[in-house]
file my_file.cif (mmCIF, C-alpha atoms and all ligand atoms)
data_run
#
loop_
_atom_site.label_atom_id
_atom_site.label_comp_id
_atom_site.auth_asym_id
_atom_site.auth_seq_id
_atom_site.Cartn_x
_atom_site.Cartn_y
_atom_site.Cartn_z
CA MET K 1 20.31 -43.21 -28.92
CA ILE K 2 19.18 -40.84 -31.69
CA PHE K 3 17.05 -38.14 -30.09
CA THR K 4 16.64 -34.57 -31.34
CA VAL K 5 15.21 -31.62 -29.48
CA ALA K 6 14.40 -28.80 -31.93
CA ILE K 7 14.00 -25.37 -30.34
CA ASP K 8 12.86 -22.57 -32.63
CA GLY K 9 11.66 -19.05 -32.03
CA PRO K 10 12.32 -15.34 -32.60
CA ALA K 11 15.30 -13.28 -31.42
CA ALA K 12 15.97 -13.12 -27.68
CA ALA K 13 13.01 -15.31 -26.71
CA GLY K 14 15.21 -17.39 -24.41
CA LYS K 15 16.09 -20.23 -26.79
CA GLY K 16 19.79 -20.17 -25.94
CA THR K 17 19.33 -20.37 -22.18
CA ILE K 18 16.66 -23.05 -22.46
CA SER K 19 18.68 -25.08 -24.97
CA ARG K 20 21.82 -25.09 -22.85
CA ALA K 21 19.84 -26.07 -19.76
CA VAL K 22 17.98 -28.89 -21.56
CA ALA K 23 21.23 -30.20 -23.04
CA GLY K 24 22.92 -30.15 -19.63
CA ARG K 25 20.02 -31.76 -17.83
CA PHE K 26 19.61 -34.67 -20.28
CA GLY K 27 23.26 -35.06 -21.33
CA LEU K 28 22.65 -34.05 -24.97
CA ARG K 29 24.99 -32.10 -27.26
CA HIS K 30 23.95 -28.56 -28.11
CA LEU K 31 24.27 -26.55 -31.31
CA ASP K 32 23.33 -22.86 -31.44
CA THR K 33 22.63 -22.67 -35.18
CA GLY K 34 22.32 -18.86 -35.06
CA LEU K 35 26.08 -18.78 -34.59
CA LEU K 36 26.57 -20.32 -38.04
CA TYR K 37 24.60 -17.49 -39.68
CA ARG K 38 26.25 -14.86 -37.51
CA ALA K 39 29.68 -16.16 -38.52
CA VAL K 40 28.74 -16.06 -42.21
CA GLY K 41 27.31 -12.56 -41.77
CA VAL K 42 30.44 -11.07 -40.21
CA LYS K 43 32.91 -12.92 -42.45
CA GLY K 44 32.33 -10.62 -45.42
CA GLY K 45 32.90 -11.44 -49.08
CA ASP K 46 30.49 -13.69 -50.91
CA PRO K 47 28.07 -15.09 -48.29
CA ALA K 48 27.44 -18.41 -50.08
CA GLN K 49 31.16 -19.04 -50.35
CA ALA K 50 31.66 -18.01 -46.71
CA ALA K 51 28.98 -20.53 -45.71
CA ARG K 52 30.60 -23.32 -47.73
CA GLN K 53 34.02 -22.57 -46.24
CA LEU K 54 33.02 -21.95 -42.62
CA THR K 55 35.72 -23.06 -40.15
CA PRO K 56 35.64 -23.73 -36.38
CA GLU K 57 37.71 -20.55 -35.92
CA ASP K 58 34.95 -18.51 -37.60
CA LEU K 59 32.59 -19.70 -34.86
CA ASP K 60 35.05 -18.67 -32.18
CA ARG K 61 35.12 -14.92 -32.95
CA ASP K 62 34.20 -12.71 -30.04
CA ASP K 63 32.09 -10.28 -32.12
CA LEU K 64 29.31 -12.72 -33.06
CA ARG K 65 26.86 -11.58 -30.38
CA THR K 66 26.60 -7.91 -31.37
CA LEU K 67 23.45 -6.30 -32.78
CA GLU K 68 25.31 -5.73 -36.05
CA ALA K 69 26.21 -9.42 -36.30
CA GLY K 70 22.54 -10.30 -35.67
CA GLN K 71 21.43 -8.04 -38.50
CA ALA K 72 24.13 -9.34 -40.83
CA ALA K 73 23.09 -12.90 -39.92
CA SER K 74 19.44 -12.34 -40.76
CA ARG K 75 20.38 -10.77 -44.11
CA VAL K 76 22.60 -13.68 -45.22
CA ALA K 77 20.10 -16.16 -43.75
CA ALA K 78 17.59 -15.14 -46.44
CA ILE K 79 19.96 -16.34 -49.20
CA PRO K 80 18.97 -19.90 -50.24
CA GLU K 81 22.58 -20.86 -51.17
CA VAL K 82 23.74 -19.90 -47.68
CA ARG K 83 21.05 -22.01 -46.01
CA ALA K 84 21.73 -24.93 -48.34
CA ALA K 85 25.45 -24.90 -47.49
CA LEU K 86 24.67 -25.25 -43.78
CA VAL K 87 22.00 -27.96 -43.95
CA ASP K 88 24.16 -31.11 -43.95
CA PHE K 89 26.24 -30.11 -40.95
CA GLN K 90 23.12 -29.31 -38.92
CA ARG K 91 21.34 -32.52 -39.96
CA ARG K 92 24.33 -34.68 -39.07
CA PHE K 93 24.60 -32.95 -35.70
CA ALA K 94 20.86 -33.39 -35.06
CA ARG K 95 20.91 -37.13 -35.74
CA SER K 96 24.31 -37.93 -34.19
CA GLU K 97 24.53 -40.73 -31.63
CA GLY K 98 23.84 -39.60 -28.08
CA GLY K 99 21.16 -37.06 -28.89
CA ALA K 100 21.23 -33.34 -29.56
CA VAL K 101 19.51 -30.04 -28.91
CA LEU K 102 19.54 -27.52 -31.77
CA ASP K 103 18.18 -24.02 -31.46
CA GLY K 104 17.36 -21.76 -34.38
CA ARG K 105 14.53 -20.71 -36.68
CA ASP K 106 13.90 -23.73 -38.93
CA ILE K 107 15.07 -26.76 -36.94
CA GLY K 108 11.65 -28.37 -36.45
CA THR K 109 10.35 -27.33 -39.86
CA VAL K 110 13.27 -27.86 -42.27
CA ILE K 111 16.47 -29.19 -40.68
CA CYS K 112 14.95 -31.98 -38.62
CA PRO K 113 11.21 -32.44 -39.22
CA GLU K 114 11.58 -35.88 -37.59
CA ALA K 115 12.78 -34.38 -34.28
CA GLU K 116 11.38 -36.25 -31.28
CA VAL K 117 10.67 -32.97 -29.45
CA LYS K 118 9.80 -29.62 -31.04
CA LEU K 119 9.53 -26.49 -28.95
CA TYR K 120 8.65 -23.00 -30.14
CA VAL K 121 9.93 -20.48 -27.61
CA THR K 122 8.52 -16.99 -27.94
CA ALA K 123 7.73 -13.77 -26.01
CA SER K 124 6.38 -10.32 -26.82
CA ALA K 125 8.71 -8.07 -28.84
CA GLN K 126 8.89 -5.63 -25.90
CA VAL K 127 9.99 -8.30 -23.45
CA ARG K 128 12.52 -9.71 -25.89
CA ALA K 129 13.95 -6.27 -26.66
CA HIS K 130 14.26 -5.56 -22.93
CA ARG K 131 16.22 -8.79 -22.41
CA ARG K 132 18.49 -8.10 -25.37
CA TRP K 133 19.05 -4.54 -24.09
CA LEU K 134 20.13 -5.91 -20.69
CA GLU K 135 22.76 -7.96 -22.57
CA VAL K 136 24.04 -5.40 -25.05
CA GLY K 137 23.10 -2.02 -23.50
CA GLY K 138 22.93 1.15 -25.63
CA ASP K 139 19.81 2.85 -26.92
CA LYS K 140 16.71 0.84 -25.96
CA ALA K 141 14.58 2.08 -28.86
CA ARG K 142 17.28 0.95 -31.26
CA VAL K 143 17.38 -2.51 -29.69
CA LEU K 144 13.57 -2.82 -30.06
CA ALA K 145 13.78 -1.69 -33.68
CA GLU K 146 16.51 -4.24 -34.33
CA VAL K 147 14.45 -7.07 -32.84
CA GLN K 148 11.35 -6.07 -34.86
CA ASP K 149 13.38 -5.67 -38.02
CA ARG K 150 14.88 -9.12 -37.64
CA ASP K 151 11.49 -10.70 -36.78
CA ALA K 152 10.00 -9.26 -39.97
CA ARG K 153 12.90 -10.48 -42.10
CA ASP K 154 13.04 -13.95 -40.49
CA MET K 155 9.27 -14.50 -40.73
CA GLY K 156 8.90 -12.95 -44.16
CA ARG K 157 11.65 -14.66 -46.14
CA ALA K 158 10.70 -17.18 -48.82
CA ASP K 159 13.23 -19.88 -47.83
CA ALA K 160 12.67 -21.53 -44.42
CA PRO K 161 10.73 -18.66 -42.80
CA LEU K 162 10.42 -18.64 -39.02
CA ARG K 163 7.21 -20.33 -37.91
CA ALA K 164 6.18 -22.90 -35.34
CA ALA K 165 6.07 -26.48 -36.63
CA ALA K 166 2.49 -27.80 -36.55
CA GLU K 167 3.24 -30.19 -33.68
CA ALA K 168 5.54 -27.85 -31.71
CA VAL K 169 4.82 -27.16 -28.05
CA VAL K 170 4.71 -23.36 -27.68
CA ILE K 171 6.39 -21.86 -24.60
CA ASP K 172 5.64 -18.15 -24.19
CA THR K 173 8.31 -16.80 -21.84
CA SER K 174 6.88 -13.23 -21.64
CA GLU K 175 5.86 -13.79 -18.04
CA LEU K 176 8.12 -16.67 -17.10
CA GLY K 177 11.40 -16.46 -15.21
CA ILE K 178 14.36 -18.47 -16.49
CA ASP K 179 13.77 -21.32 -14.04
CA GLU K 180 10.10 -21.59 -15.00
CA ALA K 181 10.85 -21.53 -18.71
CA VAL K 182 13.57 -24.17 -18.33
CA ALA K 183 11.26 -26.31 -16.19
CA ALA K 184 8.51 -26.12 -18.84
CA ALA K 185 10.92 -27.22 -21.57
CA CYS K 186 12.45 -29.99 -19.47
CA ALA K 187 8.98 -31.35 -18.64
CA VAL K 188 8.20 -31.75 -22.35
CA VAL K 189 11.53 -33.47 -23.03
CA ALA K 190 11.23 -35.75 -19.99
CA GLY K 191 7.71 -36.72 -21.04
CA ARG K 192 8.89 -37.70 -24.52
CA LEU K 193 11.98 -39.55 -23.23
CA ALA K 194 9.78 -41.57 -20.89
CA LYS K 195 8.18 -43.10 -24.01
CA GLY K 196 11.63 -44.24 -25.19
CA PRO K 197 13.91 -42.66 -27.80
O1 LIG K 201 20.24 -15.02 -30.44
P1 LIG K 201 19.15 -14.53 -31.35
O2 LIG K 201 17.87 -15.27 -31.15
O3 LIG K 201 19.00 -13.06 -31.34
O4 LIG K 201 19.63 -14.81 -32.84
P2 LIG K 201 20.37 -16.08 -33.44
O5 LIG K 201 19.62 -17.32 -33.05
O6 LIG K 201 21.81 -16.02 -33.13
O7 LIG K 201 20.14 -15.89 -35.02
C1 LIG K 201 20.65 -14.79 -35.73
C2 LIG K 201 19.95 -14.74 -37.09
O8 LIG K 201 20.35 -15.89 -37.85
C3 LIG K 201 18.44 -14.81 -37.05
O9 LIG K 201 17.83 -13.55 -36.97
C4 LIG K 201 18.07 -15.54 -38.34
O10 LIG K 201 17.96 -14.64 -39.42
C5 LIG K 201 19.27 -16.40 -38.63
N1 LIG K 201 19.03 -17.81 -38.32
C6 LIG K 201 18.33 -18.58 -39.23
O11 LIG K 201 17.90 -18.07 -40.26
N2 LIG K 201 18.16 -19.91 -39.03
C7 LIG K 201 18.61 -20.50 -37.91
N3 LIG K 201 18.43 -21.81 -37.75
C8 LIG K 201 19.28 -19.73 -36.94
C9 LIG K 201 19.47 -18.38 -37.16
#
call {"tool": "encode", "arguments": {"input": "my_file.cif", "output": "structure tokens", "more": "lines below"}}
Ligand code: CDP
result
Amino acid sequence: MIFTVAIDGPAAAGKGTISRAVAGRFGLRHLDTGLLYRAVGVKGGDPAQAARQLTPEDLDRDDLRTLEAGQAASRVAAIPEVRAALVDFQRRFARSEGGAVLDGRDIGTVICPEAEVKLYVTASAQVRAHRRWLEVGGDKARVLAEVQDRDARDMGRADAPLRAAAEAVVIDTSELGIDEAVAAACAVVAGRLAKGP
């Protein structure tokens, strides 16, 4: 079965939690594509070369989830050569046998426009910053500024800017708990699977 669930949306909207839950529930593989950009961002040196030479060990570093890594990721993610170097791997993963969930910024728009399910998971900047702050701690105003900074860069870049695909189902998690958000996503996937892969 070839079946792709594309989950896009801004920082800390809940994509990761929802993606893992959807993958687990339907037995699909999961790729957090943000990790690829984070790994390129923290690797240093020439970003395009880092993207071309990314190794599994690069994705295993324990400093990929920091605010700094998020900022570095969104800076290198605006470089077309970096994005180009990561396309094939993501496309192969998306269309691999058995089905896959990919979460990121451009999965439904650029990486896999043919995805069977497209979700756009979002929430207000304040809610997202609060969630990120619960994860990373520190100065709350700085966390909000980081989220807004990254939103502006991700939505404003020329190459593969963050936006909802025309046919994406939008899930606003501002006022949803994790279980409700996961249930909303699973309902969309189950509905599409019922029609056959
Ligand atoms: O976890 P969070 O939503 O904060 O971020 P992430 O998904 O790990 O992505 C980190 C950064 O990588 C984003 O701010 C984007 O600039 C970039 N990214 C991208 O450009 N395209 C993707 N498919 C995934 C991430």
call {"tool": "residues_around", "arguments": {"input": "my_file.cif", "residues": "Asp63 in chain K", "least_positions_apart": "6", "cutoff": "12 Å", "atoms": "only C-alpha atoms", "output": "PyMOL selection string"}}
result
chain K and resi 35+38-39+41-43+69-70+72+136
call {"tool": "residues_near_point", "arguments": {"input": "my_file.cif", "point": "(24.1, -24.5, -37.8)", "cutoff": "10 Å", "atoms": "only C-alpha atoms", "output": "PyMOL selection string"}}
result
chain K and resi 31-38+83+85-91+93-94+102-104+107+111
call {"tool": "atom_distance", "arguments": {"input": "my_file.cif", "atom1": "CA of Val182 in chain K", "atom2": "CA of Leu28 in chain K"}}
result
15.0 Å
call {"tool": "residues_around", "arguments": {"input": "my_file.cif", "residues": "Glu146 in chain K", "least_positions_apart": "2", "cutoff": "10 Å", "atoms": "all atoms listed in the file", "output": "number ranges by chain"}}
result
K: 11, 67-68, 70-71, 129, 132, 140-144, 148-152
call {"tool": "closest_residue", "arguments": {"input": "my_file.cif", "among": "K:Ala181, K:Pro47, K:Lys195, K:Gly16", "to": "Pro80 in chain K", "atoms": "all atoms listed in the file"}}
result
K:Pro47
call {"tool": "residues_around", "arguments": {"input": "my_file.cif", "residues": "Thr17 in chain K", "least_positions_apart": "3", "cutoff": "8 Å", "atoms": "only C-alpha atoms", "output": "MDAnalysis selection string"}}
result
chainID K and resid 14 20:21 178 182
call {"tool": "closest_residue", "arguments": {"input": "my_file.cif", "among": "K:Ala125, K:Leu193, K:Cys112, K:Val76", "to": "Ser96 in chain K", "atoms": "all atoms listed in the file"}}
result
K:Cys112
call {"tool": "atom_distance", "arguments": {"input": "my_file.cif", "atom1": "CA of Ala160 in chain K", "atom2": "CA of Ala115 in chain K"}}
result
16.4 Å
call {"tool": "decode", "arguments": {"input": "my_file.cif", "residues": "range 103-115 of chain K", "atoms": "N, CA, C and O atoms", "output": "compact mmCIF listing (two decimals), in the first residue's frame"}}
result
# COMPACT_ATOMS: atom_id res chain seq x y z
N ASP K 103 5.86 14.94 8.75
CA ASP K 103 5.45 16.26 9.23
C ASP K 103 6.53 17.28 8.94
O ASP K 103 7.72 16.98 8.94
N GLY K 104 6.07 18.49 8.58
CA GLY K 104 7.02 19.54 8.21
C GLY K 104 6.33 20.83 7.84
O GLY K 104 5.36 21.24 8.50
N ARG K 105 6.86 21.49 6.80
CA ARG K 105 6.31 22.78 6.38
C ARG K 105 5.79 22.73 4.94
O ARG K 105 4.93 23.52 4.58
N ASP K 106 6.36 21.83 4.14
CA ASP K 106 6.08 21.83 2.70
C ASP K 106 5.74 20.43 2.19
O ASP K 106 5.91 20.14 1.02
N ILE K 107 5.27 19.56 3.06
CA ILE K 107 5.04 18.16 2.64
C ILE K 107 3.87 18.08 1.67
O ILE K 107 3.98 17.46 0.61
N GLY K 108 2.75 18.72 2.01
CA GLY K 108 1.58 18.66 1.13
C GLY K 108 1.70 19.56 -0.09
O GLY K 108 1.00 19.36 -1.08
N THR K 109 2.57 20.55 -0.03
CA THR K 109 2.66 21.51 -1.13
C THR K 109 3.78 21.17 -2.12
O THR K 109 3.62 21.34 -3.32
N VAL K 110 4.92 20.68 -1.61
CA VAL K 110 6.09 20.49 -2.49
C VAL K 110 6.59 19.04 -2.50
O VAL K 110 6.81 18.46 -3.56
N ILE K 111 6.78 18.46 -1.32
CA ILE K 111 7.38 17.13 -1.26
C ILE K 111 6.43 16.06 -1.79
O ILE K 111 6.84 15.19 -2.56
N CYS K 112 5.18 16.13 -1.40
CA CYS K 112 4.25 15.08 -1.82
C CYS K 112 2.87 15.67 -2.11
O CYS K 112 1.92 15.42 -1.37
N PRO K 113 2.77 16.43 -3.21
CA PRO K 113 1.46 17.03 -3.54
C PRO K 113 0.39 15.97 -3.78
O PRO K 113 -0.80 16.26 -3.71
N GLU K 114 0.82 14.72 -4.07
CA GLU K 114 -0.14 13.65 -4.32
C GLU K 114 -0.56 12.91 -3.05
O GLU K 114 -1.26 11.90 -3.12
N ALA K 115 -0.16 13.42 -1.88
CA ALA K 115 -0.49 12.76 -0.61
C ALA K 115 -1.99 12.50 -0.51
O ALA K 115 -2.80 13.35 -0.88
